[in-house]
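Q: So here's run_32.cif, just mmCIF, C-alpha atoms:
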```
data_work
#
loop_
_atom_site.label_atom_id
_atom_site.label_comp_id
_atom_site.auth_asym_id
_atom_site.auth_seq_id
_atom_site.Cartn_x
_atom_site.Cartn_y
_atom_site.Cartn_z
CA GLU A 1 107.39 -80.46 58.27
CA PRO A 2 108.12 -76.88 57.12
CA GLU A 3 105.05 -74.77 56.57
CA VAL A 4 103.87 -71.49 55.13
CA THR A 5 102.98 -69.02 57.88
CA GLN A 6 100.41 -66.25 57.50
CA THR A 7 99.60 -63.35 59.78
CA PRO A 8 97.24 -62.16 61.03
CA SER A 9 94.78 -65.03 61.15
CA HIS A 10 91.88 -62.60 61.17
CA GLN A 11 91.79 -58.93 60.15
CA VAL A 12 88.80 -56.67 60.52
CA THR A 13 88.97 -53.34 58.74
CA GLN A 14 86.69 -50.52 57.67
CA MET A 15 85.89 -49.90 54.04
CA GLY A 16 88.45 -47.63 52.44
CA GLN A 17 91.27 -48.60 54.79
CA GLU A 18 94.55 -50.17 53.70
CA VAL A 19 95.46 -53.65 54.84
CA ILE A 20 98.66 -55.64 54.57
CA LEU A 21 98.58 -59.40 54.77
CA ARG A 22 101.82 -61.17 55.54
CA CYS A 23 103.23 -64.53 54.58
CA VAL A 24 106.48 -66.28 55.42
CA PRO A 25 107.19 -68.85 52.69
CA ILE A 26 108.89 -72.19 53.17
CA SER A 27 112.60 -71.39 53.10
CA ASN A 28 113.69 -73.12 49.89
CA HIS A 29 110.58 -72.18 47.91
CA LEU A 30 111.01 -69.77 45.05
CA TYR A 31 107.50 -69.18 43.75
CA PHE A 32 104.93 -67.30 45.76
CA TYR A 33 101.21 -66.94 45.23
CA TRP A 34 98.16 -65.27 46.67
CA TYR A 35 94.73 -66.82 46.32
CA ARG A 36 91.45 -65.79 47.84
CA GLN A 37 88.27 -67.63 48.69
CA ILE A 38 85.01 -65.83 49.30
CA LEU A 39 82.85 -67.78 51.73
CA GLY A 40 81.13 -70.64 49.94
CA GLN A 41 82.94 -70.02 46.66
CA LYS A 42 85.93 -71.43 44.85
CA VAL A 43 89.59 -70.70 45.45
CA GLU A 44 90.55 -67.90 43.06
CA PHE A 45 94.02 -67.01 41.79
CA LEU A 46 95.16 -63.45 42.46
CA VAL A 47 98.85 -63.24 41.64
CA SER A 48 102.08 -65.18 41.32
CA PHE A 49 105.55 -63.85 42.09
CA TYR A 50 108.97 -65.13 41.15
CA ASN A 51 112.43 -63.64 41.15
CA ASN A 52 111.14 -60.44 42.76
CA GLU A 53 108.55 -59.67 40.17
CA ILE A 54 104.98 -60.55 39.30
CA SER A 55 104.77 -63.52 36.95
CA GLU A 56 101.05 -63.55 36.36
CA LYS A 57 97.99 -61.82 37.78
CA SER A 58 94.26 -62.20 37.45
CA GLU A 59 91.57 -59.67 36.64
CA ILE A 60 90.80 -59.46 40.35
CA PHE A 61 94.30 -58.14 41.00
CA ASP A 62 93.64 -54.54 39.97
CA ASP A 63 95.44 -51.33 40.93
CA GLN A 64 94.19 -51.61 44.49
CA PHE A 65 96.37 -54.67 45.03
CA SER A 66 100.12 -54.94 45.25
CA VAL A 67 102.65 -57.52 46.37
CA GLU A 68 106.22 -57.29 47.49
CA ARG A 69 108.94 -59.16 49.27
CA PRO A 70 110.49 -56.31 51.22
CA ASP A 71 113.08 -58.12 53.29
CA GLY A 72 113.76 -61.38 51.48
CA SER A 73 111.61 -63.39 53.84
CA ASN A 74 108.11 -61.92 54.17
CA PHE A 75 105.84 -61.89 51.14
CA THR A 76 103.06 -59.34 51.51
CA LEU A 77 99.76 -58.54 49.86
CA LYS A 78 98.54 -54.98 50.21
CA ILE A 79 95.03 -53.80 49.48
CA ARG A 80 95.09 -50.01 49.29
CA SER A 81 91.46 -49.11 49.78
CA THR A 82 89.38 -52.06 50.86
CA LYS A 83 85.86 -52.68 49.62
CA LEU A 84 83.12 -54.76 51.15
CA GLU A 85 83.58 -57.33 48.40
CA ASP A 86 87.21 -57.84 49.43
CA SER A 87 85.94 -59.78 52.44
CA ALA A 88 87.33 -63.28 51.98
CA MET A 89 89.91 -65.76 53.14
CA TYR A 90 93.29 -64.92 51.63
CA PHE A 91 95.71 -67.77 51.19
CA CYS A 92 99.41 -67.50 50.56
CA ALA A 93 100.93 -70.48 48.75
CA THR A 94 104.48 -71.31 47.76
CA LYS A 95 106.28 -73.96 45.75
CA THR A 96 109.79 -75.05 44.88
CA GLY A 97 109.71 -75.42 41.13
CA GLY A 98 107.72 -74.90 37.94
CA ASP A 99 105.58 -78.03 38.10
CA SER A 100 105.63 -78.77 41.79
CA PRO A 101 102.47 -78.51 43.90
CA LEU A 102 101.54 -75.50 46.00
CA HIS A 103 101.81 -75.50 49.77
CA PHE A 104 99.27 -73.27 51.44
CA GLY A 105 99.38 -71.21 54.59
CA ASN A 106 96.43 -71.38 56.94
CA GLY A 107 95.00 -68.15 55.60
CA THR A 108 94.00 -64.68 56.75
CA ARG A 109 90.30 -64.06 57.11
CA LEU A 110 89.68 -60.46 56.01
CA THR A 111 86.42 -58.84 57.05
CA VAL A 112 85.64 -55.43 55.60
CA THR A 113 82.85 -53.55 57.37
CA ARG B 114 83.14 -73.62 29.35
CA LYS B 115 84.81 -73.20 32.73
CA GLU B 116 88.57 -73.76 32.88
CA VAL B 117 88.24 -76.43 35.54
CA GLU B 118 84.89 -77.98 36.35
CA GLN B 119 83.78 -80.33 39.10
CA ASP B 120 80.49 -81.85 40.22
CA PRO B 121 79.85 -79.98 43.48
CA GLY B 122 78.09 -82.97 45.09
CA PRO B 123 77.59 -83.77 47.84
CA PHE B 124 78.46 -87.40 47.37
CA ASN B 125 76.96 -89.24 50.33
CA VAL B 126 79.09 -92.32 50.90
CA PRO B 127 78.57 -95.14 53.41
CA GLU B 128 81.63 -95.81 55.51
CA GLY B 129 83.74 -98.49 53.84
CA ALA B 130 82.35 -97.86 50.37
CA THR B 131 84.18 -96.64 47.27
CA VAL B 132 83.53 -93.26 45.73
CA ALA B 133 84.89 -91.75 42.54
CA PHE B 134 84.48 -88.42 40.85
CA ASN B 135 85.96 -86.51 37.95
CA CYS B 136 87.24 -83.09 37.09
CA THR B 137 87.23 -81.75 33.54
CA TYR B 138 89.55 -79.08 32.20
CA SER B 139 89.23 -76.97 29.09
CA ASN B 140 92.85 -76.23 28.16
CA SER B 141 94.27 -79.15 26.22
CA ALA B 142 97.78 -77.80 26.83
CA SER B 143 97.46 -78.33 30.58
CA GLN B 144 100.52 -80.04 32.01
CA SER B 145 100.26 -80.43 35.77
CA PHE B 146 97.38 -81.82 37.76
CA PHE B 147 96.75 -82.16 41.45
CA TRP B 148 94.08 -83.16 43.94
CA TYR B 149 93.74 -81.17 47.15
CA ARG B 150 91.36 -81.61 50.03
CA GLN B 151 89.83 -78.74 51.92
CA ASP B 152 88.11 -78.98 55.25
CA CYS B 153 85.56 -76.35 56.20
CA ARG B 154 87.19 -72.91 56.49
CA LYS B 155 90.68 -74.37 56.29
CA GLU B 156 93.44 -74.13 53.74
CA PRO B 157 93.65 -76.56 50.81
CA LYS B 158 96.03 -79.43 51.53
CA LEU B 159 97.76 -81.44 48.85
CA LEU B 160 96.33 -84.93 48.56
CA MET B 161 98.29 -86.10 45.55
CA SER B 162 99.81 -85.11 42.26
CA VAL B 163 98.33 -86.79 39.19
CA TYR B 164 100.72 -88.41 36.77
CA SER B 165 100.10 -89.44 33.18
CA SER B 166 100.33 -93.11 34.04
CA GLY B 167 97.97 -92.75 36.98
CA ASN B 168 99.06 -93.15 40.55
CA GLU B 169 97.94 -94.56 43.83
CA ASP B 170 98.53 -93.49 47.40
CA GLY B 171 97.02 -95.88 49.89
CA ARG B 172 93.25 -95.80 49.45
CA PHE B 173 93.41 -93.01 46.91
CA THR B 174 93.86 -93.49 43.17
CA ALA B 175 94.18 -90.70 40.63
CA GLN B 176 93.91 -91.05 36.87
CA LEU B 177 94.50 -88.67 33.99
CA ASN B 178 92.65 -88.96 30.69
CA ARG B 179 94.22 -86.48 28.28
CA ALA B 180 92.06 -87.47 25.32
CA SER B 181 88.87 -86.60 27.17
CA GLN B 182 90.51 -83.88 29.28
CA TYR B 183 89.61 -85.04 32.74
CA ILE B 184 91.23 -86.34 35.88
CA SER B 185 89.60 -88.62 38.39
CA LEU B 186 89.93 -89.47 42.05
CA LEU B 187 88.82 -92.74 43.57
CA ILE B 188 88.64 -93.32 47.30
CA ARG B 189 88.43 -96.92 48.51
CA ASP B 190 87.27 -98.09 51.93
CA SER B 191 86.00 -94.62 52.81
CA LYS B 192 86.60 -93.38 56.34
CA LEU B 193 84.58 -90.81 58.25
CA SER B 194 87.69 -88.61 58.15
CA ASP B 195 87.54 -88.56 54.35
CA SER B 196 84.59 -86.17 54.59
CA ALA B 197 85.85 -82.99 52.95
CA THR B 198 85.75 -81.00 49.76
CA TYR B 199 88.11 -82.32 47.10
CA LEU B 200 89.63 -79.70 44.84
CA CYS B 201 91.00 -80.35 41.40
CA VAL B 202 93.92 -78.11 40.40
CA VAL B 203 95.23 -77.70 36.88
CA SER B 204 98.25 -75.84 35.58
CA PRO B 205 98.51 -74.99 31.89
CA ILE B 206 102.25 -75.04 31.48
CA LYS B 207 105.32 -76.02 33.40
CA ALA B 208 106.68 -72.53 33.64
CA ALA B 209 107.93 -70.28 36.37
CA GLY B 210 105.14 -68.66 38.31
CA ASN B 211 102.35 -70.09 36.20
CA LYS B 212 98.79 -69.84 37.44
CA LEU B 213 97.28 -72.95 38.96
CA THR B 214 93.51 -72.99 38.53
CA PHE B 215 91.16 -74.55 41.04
CA GLY B 216 87.90 -76.27 40.36
CA GLY B 217 84.93 -75.46 42.53
CA GLY B 218 85.35 -78.65 44.52
CA THR B 219 83.44 -81.87 45.06
CA ARG B 220 81.97 -82.33 48.51
CA VAL B 221 82.15 -85.83 49.97
CA LEU B 222 80.25 -86.85 53.08
CA VAL B 223 81.10 -90.23 54.56
CA LYS B 224 78.43 -91.53 56.89
CA PRO B 225 78.47 -94.39 59.39
#
```
Rewrite the structure from the file as structure tokens, please.
A:
Amino acid sequence: EPEVTQTPSHQVTQMGQEVILRCVPISNHLYFYWYRQILGQKVEFLVSFYNNEISEKSEIFDDQFSVERPDGSNFTLKIRSTKLEDSAMYFCATKTGGDSPLHFGNGTRLTVT
Amino acid sequence: RKEVEQDPGPFNVPEGATVAFNCTYSNSASQSFFWYRQDCRKEPKLLMSVYSSGNEDGRFTAQLNRASQYISLLIRDSKLSDSATYLCVVSPIKAAGNKLTFGGGTRVLVKP
């Protein structure tokens, strides 16, 4: 079964550093998402991306965050200057169509020290 | 009122018993509904989509009540492996790139 692949599985970084989280979507999926989950809390929407542009973003997704699909395969989330409160599990998710379910990658655990 | 609300549990269920729980949503225009399960520190995995007429997948039955704005999940003949957190997911519109909102999850513990 095709799957969404995320790298790295765990990233440790110092406060103020930039991080890039990577995702390889399922090949025929057109809609890409980033979610995050702080330990013990709910899964929170960050951003959705379709046709090479952001479709929707949450209040969490401020100027420190950006997404792009630089080479037509990878879908990346960049955090420019990490804060302690950015420590969380970041999930990439993709789907085929407007009302189809999301398929999640196995996540990147980001630890900001 | 939260967009998507779930009883956090835990629901302690004897093996072989039936358990059911609901998820309420605030946006009456919501169109798509899903149940996911999440194991500790793992990614959410799709359990089933929820259709207007209700649907069943093996031991799992999902229902949608639009009038009262909730969806439900029923698990029959519970197995130890059903222990997980069950996440309700709601999408407001069937549009490209629309946000899907997660509930906080209902924790189910199946015990021998």
Q: Pick out the residues sitting within 10 Å of stretch 99-105 of chain A, and hand them over as a ChimeraX atom specification; count all atoms listed in the file, and ignore anything fewer than 5 positions along from it in its own chain.
A: /A:2-7,23-26,29,31-35,90-94 /B:144-149,155-159,161-162,202,204-211,213
Q: What residues come out when you apply the PyMOL selection byres ((chain B and resi 195) around 10) to this file, written as a count of residues only?
A: 18
Q: Tell me, in Å to one decimal, how far atom CA of B:Ser139 is from atom CA of A:Val43.
A: 17.5 Å
Q: Residues of chain A that approach chain B to 6 Å or less, counting only C-alpha atoms: could you list each one with the shortest pair of atoms and its distance in Å to one decimal, rows by chain and increasing residue number, as CSV?
A:
```
residue,atom,partner,partner_atom,distance
A:Tyr31,CA,B:Gly210,CA,6.0
A:Lys42,CA,B:Gly217,CA,4.8
A:Ser48,CA,B:Gly210,CA,5.5
A:Tyr50,CA,B:Gly210,CA,5.9
A:Ser55,CA,B:Gly210,CA,5.3
A:Gly98,CA,B:Ala209,CA,4.9
A:Asp99,CA,B:Lys207,CA,5.1
A:Asn106,CA,B:Glu156,CA,5.2
```
Q: Scan for residues within 7 Å of the point (83.0, -53.2, 56.3) in the coordinates of the file, using all atoms listed in the file, and reply as an MDAnalysis selection string.
A: chainID A and resid 13:15 84 111:113
Q: Measure the distance from atom CA of A:His10 to atom CA of A:Asp71 in Å and round it to one decimal.
A: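 Atom CA of A:Asp71 lies 23.1 Å from atom CA of A:His10.
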Q: By how many Å are atom CA of A:Asn28 and atom CA of A:Pro70 apart?
A: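 Separation between atom CA of A:Asn28 and atom CA of A:Pro70: 17.2 Å.
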Q: Specify as an MDAnalysis selection string each residue included when the PyMOL selection byres ((chain B and resi 114) around 9) is applied to this file.
A: chainID B and resid 115:118 138:139
Q: Ranking A:Ile54, A:Leu110, A:Val67, A:Val12 by minimum distance to A:Leu39 and counting only C-alpha atoms, which one comes first?
A: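 Using only C-alpha atoms, A:Leu39 sits closest to A:Leu110.
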Q: Using only C-alpha atoms, which of B:Ala175, B:Leu160, B:Leu186, B:Val203 sits nearest B:Ala133?
A: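 Once distances to B:Ala133 are computed over only C-alpha atoms, the minimum belongs to B:Leu186.
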Q: Every residue with an atom at most 10 Å from (92.5, -50.6, 49.2) (file coordinates; only C-alpha atoms) is what I'm after, so could you write them as a list in words?
A: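 Checked against the point, the hits come out as Met15, Gly16, Gln17, Glu18, Val19, Ile20, Asp63, Gln64, Phe65, Ser66, Lys78, Ile79, Arg80, Ser81, Thr82, Lys83 and Asp86 of chain A.
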Q: Take the residues just selected and output them with C-alpha atoms as a CSV table (one decimal), in the frame of the given file.
A:
```csv
chain,number,residue,atom,x,y,z
A,15,MET,CA,85.9,-49.9,54.0
A,16,GLY,CA,88.4,-47.6,52.4
A,17,GLN,CA,91.3,-48.6,54.8
A,18,GLU,CA,94.6,-50.2,53.7
A,19,VAL,CA,95.5,-53.6,54.8
A,20,ILE,CA,98.7,-55.6,54.6
A,63,ASP,CA,95.4,-51.3,40.9
A,64,GLN,CA,94.2,-51.6,44.5
A,65,PHE,CA,96.4,-54.7,45.0
A,66,SER,CA,100.1,-54.9,45.2
A,78,LYS,CA,98.5,-55.0,50.2
A,79,ILE,CA,95.0,-53.8,49.5
A,80,ARG,CA,95.1,-50.0,49.3
A,81,SER,CA,91.5,-49.1,49.8
A,82,THR,CA,89.4,-52.1,50.9
A,83,LYS,CA,85.9,-52.7,49.6
A,86,ASP,CA,87.2,-57.8,49.4
```
Q: Of the candidates B:Ser181, B:Arg189, B:Thr219, B:Gln176, which one gets nearest to B:Asn140 if we count only C-alpha atoms?
A: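 Of all the options, B:Ser181 lies closest to B:Asn140.
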Q: Select, from A:Ser9, A:Glu1, A:Gln37, A:Asn51, the residue with the minimum atom-to-atom distance to A:Gly107, counting only C-alpha atoms.
A: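 Checking each of A:Ser9, A:Glu1, A:Gln37, A:Asn51 against A:Gly107, counting only C-alpha atoms, the winner is A:Ser9.
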